[in-house]
Every structure is written in structure tokens, then in C-alpha cells.
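Structure file query.tsv (TSV, N, CA, C and O atoms) follows.
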chain	number	residue	atom	x	y	z
U	21	MET	N	0.81	-1.20	0.00
U	21	MET	CA	0.00	0.00	0.00
U	21	MET	C	0.85	1.27	0.00
U	21	MET	O	0.38	2.32	-0.37
U	22	GLU	N	2.09	1.16	0.43
U	22	GLU	CA	2.99	2.31	0.43
U	22	GLU	C	3.19	2.83	-0.99
U	22	GLU	O	3.23	4.04	-1.22
U	23	GLU	N	3.28	1.91	-1.95
U	23	GLU	CA	3.48	2.31	-3.34
U	23	GLU	C	2.27	3.08	-3.85
U	23	GLU	O	2.42	4.10	-4.54
U	24	ALA	N	1.08	2.61	-3.52
U	24	ALA	CA	-0.14	3.30	-3.95
U	24	ALA	C	-0.21	4.69	-3.34
U	24	ALA	O	-0.57	5.66	-4.02
U	25	ARG	N	0.16	4.81	-2.08
U	25	ARG	CA	0.14	6.12	-1.42
U	25	ARG	C	1.11	7.08	-2.11
U	25	ARG	O	0.78	8.24	-2.34
U	26	ARG	N	2.29	6.59	-2.48
U	26	ARG	CA	3.26	7.44	-3.17
U	26	ARG	C	2.72	7.95	-4.51
U	26	ARG	O	2.90	9.12	-4.85
U	27	VAL	N	2.07	7.07	-5.26
U	27	VAL	CA	1.51	7.46	-6.55
U	27	VAL	C	0.43	8.52	-6.35
U	27	VAL	O	0.41	9.54	-7.05
U	28	LEU	N	-0.45	8.32	-5.40
U	28	LEU	CA	-1.52	9.29	-5.16
U	28	LEU	C	-0.97	10.63	-4.69
U	28	LEU	O	-1.43	11.69	-5.14
U	29	GLU	N	0.03	10.61	-3.83
U	29	GLU	CA	0.66	11.85	-3.39
U	29	GLU	C	1.34	12.57	-4.55
U	29	GLU	O	1.28	13.79	-4.66
U	30	ARG	N	1.98	11.81	-5.42
U	30	ARG	CA	2.65	12.40	-6.58
U	30	ARG	C	1.62	13.05	-7.50
U	30	ARG	O	1.83	14.15	-8.01
U	31	LEU	N	0.49	12.37	-7.73
U	31	LEU	CA	-0.55	12.93	-8.57
U	31	LEU	C	-1.09	14.24	-7.99
U	31	LEU	O	-1.33	15.20	-8.72
U	32	GLU	N	-1.27	14.28	-6.69
U	32	GLU	CA	-1.74	15.50	-6.03
U	32	GLU	C	-0.72	16.63	-6.19
U	32	GLU	O	-1.08	17.78	-6.46
U	33	ARG	N	0.57	16.30	-6.04
U	33	ARG	CA	1.63	17.30	-6.20
U	33	ARG	C	1.65	17.84	-7.63
U	33	ARG	O	1.77	19.04	-7.85
U	34	ILE	N	1.50	16.95	-8.60
U	34	ILE	CA	1.47	17.36	-10.00
U	34	ILE	C	0.28	18.28	-10.26
U	34	ILE	O	0.42	19.31	-10.93
U	35	GLU	N	-0.86	17.93	-9.73
U	35	GLU	CA	-2.04	18.76	-9.93
U	35	GLU	C	-1.87	20.14	-9.30
U	35	GLU	O	-2.24	21.15	-9.88
U	36	ARG	N	-1.26	20.21	-8.12
U	36	ARG	CA	-1.00	21.51	-7.49
U	36	ARG	C	-0.04	22.34	-8.34
U	36	ARG	O	-0.23	23.54	-8.51
U	37	LEU	N	0.99	21.69	-8.89
U	37	LEU	CA	1.94	22.40	-9.74
U	37	LEU	C	1.25	22.94	-10.99
U	37	LEU	O	1.49	24.07	-11.41
U	38	ARG	N	0.41	22.11	-11.60
U	38	ARG	CA	-0.31	22.55	-12.80
U	38	ARG	C	-1.23	23.71	-12.49
U	38	ARG	O	-1.27	24.70	-13.23
U	39	ALA	N	-1.96	23.61	-11.40
U	39	ALA	CA	-2.91	24.66	-11.02
U	39	ALA	C	-2.19	25.96	-10.68
U	39	ALA	O	-2.69	27.04	-10.94
U	40	GLY	N	-0.99	25.82	-10.11
U	40	GLY	CA	-0.23	27.00	-9.70
U	40	GLY	C	0.73	27.50	-10.75
U	40	GLY	O	1.54	28.38	-10.48
U	41	GLY	N	0.67	26.94	-11.95
U	41	GLY	CA	1.55	27.40	-13.02
U	41	GLY	C	2.99	26.96	-12.84
U	41	GLY	O	3.91	27.70	-13.17
U	42	GLY	N	3.19	25.74	-12.31
U	42	GLY	CA	4.54	25.22	-12.12
U	42	GLY	C	5.32	25.16	-13.43
U	42	GLY	O	4.75	25.06	-14.51
U	43	SER	N	6.63	25.25	-13.32
U	43	SER	CA	7.47	25.24	-14.52
U	43	SER	C	7.40	23.89	-15.22
U	43	SER	O	7.20	22.85	-14.60
U	44	ARG	N	7.61	23.92	-16.51
U	44	ARG	CA	7.59	22.70	-17.33
U	44	ARG	C	8.65	21.70	-16.87
U	44	ARG	O	8.39	20.51	-16.81
U	45	LEU	N	9.83	22.18	-16.53
U	45	LEU	CA	10.89	21.28	-16.09
U	45	LEU	C	10.53	20.57	-14.79
U	45	LEU	O	10.80	19.38	-14.63
U	46	VAL	N	9.93	21.29	-13.87
U	46	VAL	CA	9.52	20.69	-12.60
U	46	VAL	C	8.42	19.66	-12.86
U	46	VAL	O	8.44	18.56	-12.31
U	47	LEU	N	7.45	20.01	-13.71
U	47	LEU	CA	6.38	19.07	-14.02
U	47	LEU	C	6.91	17.81	-14.69
U	47	LEU	O	6.49	16.70	-14.36
U	48	LEU	N	7.85	17.97	-15.61
U	48	LEU	CA	8.43	16.79	-16.27
U	48	LEU	C	9.17	15.90	-15.27
U	48	LEU	O	9.08	14.67	-15.34
U	49	ALA	N	9.88	16.51	-14.33
U	49	ALA	CA	10.57	15.73	-13.31
U	49	ALA	C	9.56	14.96	-12.46
U	49	ALA	O	9.77	13.78	-12.13
U	50	GLU	N	8.46	15.62	-12.12
U	50	GLU	CA	7.42	14.95	-11.33
U	50	GLU	C	6.78	13.81	-12.12
U	50	GLU	O	6.50	12.75	-11.57
U	51	LEU	N	6.57	14.03	-13.42
U	51	LEU	CA	5.99	12.97	-14.25
U	51	LEU	C	6.94	11.78	-14.35
U	51	LEU	O	6.49	10.62	-14.33
U	52	ARG	N	8.22	12.04	-14.46
U	52	ARG	CA	9.19	10.94	-14.50
U	52	ARG	C	9.14	10.13	-13.21
U	52	ARG	O	9.17	8.90	-13.22
U	53	GLN	N	9.05	10.83	-12.10
U	53	GLN	CA	8.95	10.14	-10.81
U	53	GLN	C	7.65	9.35	-10.73
U	53	GLN	O	7.62	8.25	-10.19
U	54	LEU	N	6.57	9.92	-11.26
U	54	LEU	CA	5.28	9.23	-11.26
U	54	LEU	C	5.37	7.91	-12.03
U	54	LEU	O	4.85	6.89	-11.58
U	55	VAL	N	6.05	7.93	-13.16
U	55	VAL	CA	6.21	6.70	-13.95
U	55	VAL	C	6.96	5.65	-13.12
U	55	VAL	O	6.54	4.49	-13.04
U	56	GLU	N	8.04	6.05	-12.48
U	56	GLU	CA	8.81	5.10	-11.67
U	56	GLU	C	7.97	4.56	-10.51
U	56	GLU	O	7.99	3.36	-10.22
U	57	GLU	N	7.25	5.43	-9.84
U	57	GLU	CA	6.42	5.00	-8.71
U	57	GLU	C	5.26	4.14	-9.18
U	57	GLU	O	4.88	3.18	-8.51
U	58	GLY	N	4.73	4.45	-10.36
U	58	GLY	CA	3.66	3.60	-10.92
U	58	GLY	C	4.16	2.20	-11.23
U	58	GLY	O	3.47	1.21	-10.97
U	59	GLU	N	5.36	2.11	-11.75
U	59	GLU	CA	5.95	0.80	-12.02
U	59	GLU	C	6.15	0.01	-10.74
U	59	GLU	O	5.90	-1.20	-10.69
U	60	ALA	N	6.59	0.67	-9.69
U	60	ALA	CA	6.78	0.00	-8.40
U	60	ALA	C	5.44	-0.48	-7.85
U	60	ALA	O	5.34	-1.59	-7.31
U	61	TRP	N	4.41	0.31	-8.02
U	61	TRP	CA	3.08	-0.06	-7.54
U	61	TRP	C	2.59	-1.30	-8.27
U	61	TRP	O	2.10	-2.25	-7.67
U	62	ILE	N	2.73	-1.29	-9.60
U	62	ILE	CA	2.29	-2.44	-10.39
U	62	ILE	C	3.05	-3.70	-10.00
U	62	ILE	O	2.49	-4.79	-9.93
U	63	ALA	N	4.33	-3.55	-9.72
U	63	ALA	CA	5.16	-4.71	-9.37
U	63	ALA	C	4.65	-5.41	-8.12
U	63	ALA	O	4.71	-6.64	-8.03
U	64	VAL	N	4.15	-4.66	-7.16
U	64	VAL	CA	3.68	-5.29	-5.92
U	64	VAL	C	2.18	-5.59	-5.96
U	64	VAL	O	1.70	-6.40	-5.18
U	65	GLU	N	1.45	-4.95	-6.86
U	65	GLU	CA	0.00	-5.09	-6.92
U	65	GLU	C	-0.42	-6.47	-7.41
U	65	GLU	O	-1.33	-7.08	-6.87
U	66	GLY	N	0.23	-6.93	-8.48
U	66	GLY	CA	-0.17	-8.21	-9.05
U	66	GLY	C	-1.55	-8.09	-9.69
U	66	GLY	O	-2.09	-7.00	-9.85
U	67	GLY	N	-2.13	-9.20	-10.06
U	67	GLY	CA	-3.47	-9.19	-10.63
U	67	GLY	C	-3.52	-8.56	-12.01
U	67	GLY	O	-2.54	-8.53	-12.74
U	68	ALA	N	-4.69	-8.06	-12.34
U	68	ALA	CA	-4.94	-7.49	-13.67
U	68	ALA	C	-4.42	-6.06	-13.73
U	68	ALA	O	-5.11	-5.13	-13.36
U	69	THR	N	-3.20	-5.91	-14.19
U	69	THR	CA	-2.59	-4.58	-14.25
U	69	THR	C	-2.19	-4.21	-15.68
U	69	THR	O	-1.42	-3.29	-15.88
U	70	ASP	N	-2.74	-4.91	-16.65
U	70	ASP	CA	-2.35	-4.67	-18.05
U	70	ASP	C	-2.59	-3.24	-18.49
U	70	ASP	O	-1.73	-2.62	-19.12
U	71	ARG	N	-3.76	-2.69	-18.18
U	71	ARG	CA	-4.07	-1.32	-18.61
U	71	ARG	C	-3.15	-0.31	-17.94
U	71	ARG	O	-2.68	0.63	-18.57
U	72	ALA	N	-2.88	-0.52	-16.67
U	72	ALA	CA	-1.98	0.39	-15.95
U	72	ALA	C	-0.58	0.29	-16.53
U	72	ALA	O	0.09	1.30	-16.74
U	73	ARG	N	-0.13	-0.91	-16.80
U	73	ARG	CA	1.19	-1.12	-17.37
U	73	ARG	C	1.30	-0.43	-18.74
U	73	ARG	O	2.31	0.21	-19.05
U	74	GLU	N	0.26	-0.54	-19.56
U	74	GLU	CA	0.25	0.10	-20.88
U	74	GLU	C	0.30	1.62	-20.75
U	74	GLU	O	1.01	2.29	-21.50
U	75	ALA	N	-0.45	2.17	-19.80
U	75	ALA	CA	-0.46	3.63	-19.59
U	75	ALA	C	0.91	4.12	-19.15
U	75	ALA	O	1.40	5.15	-19.63
U	76	ILE	N	1.53	3.40	-18.24
U	76	ILE	CA	2.85	3.79	-17.76
U	76	ILE	C	3.87	3.71	-18.88
U	76	ILE	O	4.71	4.61	-19.04
U	77	GLU	N	3.80	2.67	-19.68
U	77	GLU	CA	4.74	2.54	-20.80
U	77	GLU	C	4.54	3.66	-21.81
U	77	GLU	O	5.51	4.21	-22.35
U	78	ALA	N	3.29	4.04	-22.08
U	78	ALA	CA	3.03	5.13	-23.01
U	78	ALA	C	3.62	6.44	-22.47
U	78	ALA	O	4.22	7.22	-23.23
U	79	CYS	N	3.47	6.68	-21.18
U	79	CYS	CA	4.05	7.88	-20.56
U	79	CYS	C	5.56	7.85	-20.65
U	79	CYS	O	6.20	8.86	-20.96
U	80	ARG	N	6.15	6.70	-20.36
U	80	ARG	CA	7.61	6.58	-20.42
U	80	ARG	C	8.12	6.89	-21.83
U	80	ARG	O	9.08	7.63	-22.00
U	81	ARG	N	7.45	6.35	-22.85
U	81	ARG	CA	7.88	6.61	-24.24
U	81	ARG	C	7.79	8.10	-24.56
U	81	ARG	O	8.70	8.66	-25.17
U	82	LYS	N	6.70	8.74	-24.17
U	82	LYS	CA	6.53	10.17	-24.43
U	82	LYS	C	7.62	10.98	-23.74
U	82	LYS	O	8.19	11.90	-24.32
U	83	LEU	N	7.92	10.64	-22.50
U	83	LEU	CA	8.95	11.37	-21.77
U	83	LEU	C	10.32	11.17	-22.41
U	83	LEU	O	11.10	12.11	-22.51
U	84	GLU	N	10.62	9.96	-22.82
U	84	GLU	CA	11.91	9.67	-23.45
U	84	GLU	C	12.04	10.36	-24.80
U	84	GLU	O	13.13	10.77	-25.19
U	85	ASP	N	10.91	10.50	-25.51
U	85	ASP	CA	10.91	11.16	-26.82
U	85	ASP	C	10.90	12.67	-26.70
U	85	ASP	O	10.99	13.37	-27.71
U	86	GLY	N	10.75	13.16	-25.48
U	86	GLY	CA	10.70	14.61	-25.28
U	86	GLY	C	9.36	15.22	-25.59
U	86	GLY	O	9.21	16.43	-25.66
U	87	GLY	N	8.35	14.36	-25.80
U	87	GLY	CA	7.01	14.86	-26.12
U	87	GLY	C	6.26	15.28	-24.89
U	87	GLY	O	6.68	15.05	-23.76
U	88	ASP	N	5.16	15.95	-25.13
U	88	ASP	CA	4.30	16.37	-24.04
U	88	ASP	C	3.51	15.20	-23.51
U	88	ASP	O	3.07	14.35	-24.27
U	89	VAL	N	3.32	15.17	-22.23
U	89	VAL	CA	2.49	14.17	-21.58
U	89	VAL	C	1.38	14.92	-20.89
U	89	VAL	O	1.62	15.72	-20.00
U	90	ALA	N	0.15	14.67	-21.32
U	90	ALA	CA	-0.98	15.37	-20.71
U	90	ALA	C	-1.30	14.72	-19.37
U	90	ALA	O	-1.29	13.50	-19.24
U	91	VAL	N	-1.61	15.55	-18.40
U	91	VAL	CA	-2.03	15.07	-17.09
U	91	VAL	C	-3.46	15.51	-16.90
U	91	VAL	O	-3.75	16.71	-16.88
U	92	ALA	N	-4.35	14.55	-16.81
U	92	ALA	CA	-5.77	14.88	-16.66
U	92	ALA	C	-6.02	15.50	-15.30
U	92	ALA	O	-5.38	15.14	-14.32
U	93	PRO	N	-6.94	16.45	-15.24
U	93	PRO	CA	-7.27	17.06	-13.95
U	93	PRO	C	-7.83	16.02	-12.99
U	93	PRO	O	-8.47	15.07	-13.43
U	94	ALA	N	-7.59	16.22	-11.72
U	94	ALA	CA	-8.07	15.27	-10.71
U	94	ALA	C	-9.57	15.41	-10.54
U	94	ALA	O	-10.18	16.36	-10.82

Would you mind giving the structure from this file in C-alpha cells?
Amino acid sequence: MEEARRVLERLERIERLRAGGGSRLVLLAELRQLVEEGEAWIAVEGGATDRAREAIEACRRKLEDGGDVAVAPA
């Protein structure tokens, strides 16, 4: 459950940064951390995580390609 808590806290931090006009570099760093924390969560979660795994991989590819990654509002 620690992994899930980290992901949720990271999402909240990202949303606060977006709402407050956080810099693009800070947001990208937070998104990179979110991808890593999401992978850790999936690793311990087990079960049906295919959709989550696909979403995380799509984010990782976008970040590596230097593309924009949209973050949906909470």
C-alpha cells in the first residue's frame, strides 16, 4: 500500500503544480517520478494490471521522446 500512497501523493503534487503554473521542467521531473512510482506499484499489486502497465509505458515513451504528456485534472 505504500506504493499506492506514493503514486496518489505524486498525482496531487502534480495537480498543485499545474494549477499553480509550475514550470515545465519541474512538471516533467514529477511525471518521471510518477512513472517510476507507478511501475513499483504495479510490481507489488499483481493481478490485472495490463491497462496500468500500458499507460505507464506510453508515458515513459513520451517522456523519453521529449514529447508532451498530458495530465488529466483530478

By how many Å are atom CA of Arg26 of chain U and atom CA of Glu57 of chain U apart?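 Going from atom CA of Arg26 of chain U over to atom CA of Glu57 of chain U covers 6.8 Å.
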
Determine which residues of chain U receive a DSSP assignment of helix (DSSP H, G or I), computed from the backbone, and state them as a VMD selection string. chain U and resid 22 to 39 44 to 65 70 to 85

Segment 60-74 of chain U: which residues within 5 Å, counting all atoms listed in the file, same-chain residues fewer than 4 positions away excluded, as a PyMOL selection string? chain U and resi 23+56+78

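The spacing separating atom O of Val27 of chain U from atom N of Leu48 of chain U amounts to 14.1 Å.
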
Considering only C-alpha atoms, can you say which of U:Arg30, U:Arg44, U:Arg38, U:Arg25 comes closest to Gly86 of chain U? U:Arg44

Quick one: pull the distance between atom CA of Glu50 of chain U and atom N of Ile34 of chain U, Å, one decimal.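 Here the two named atoms are 6.8 Å from each other.
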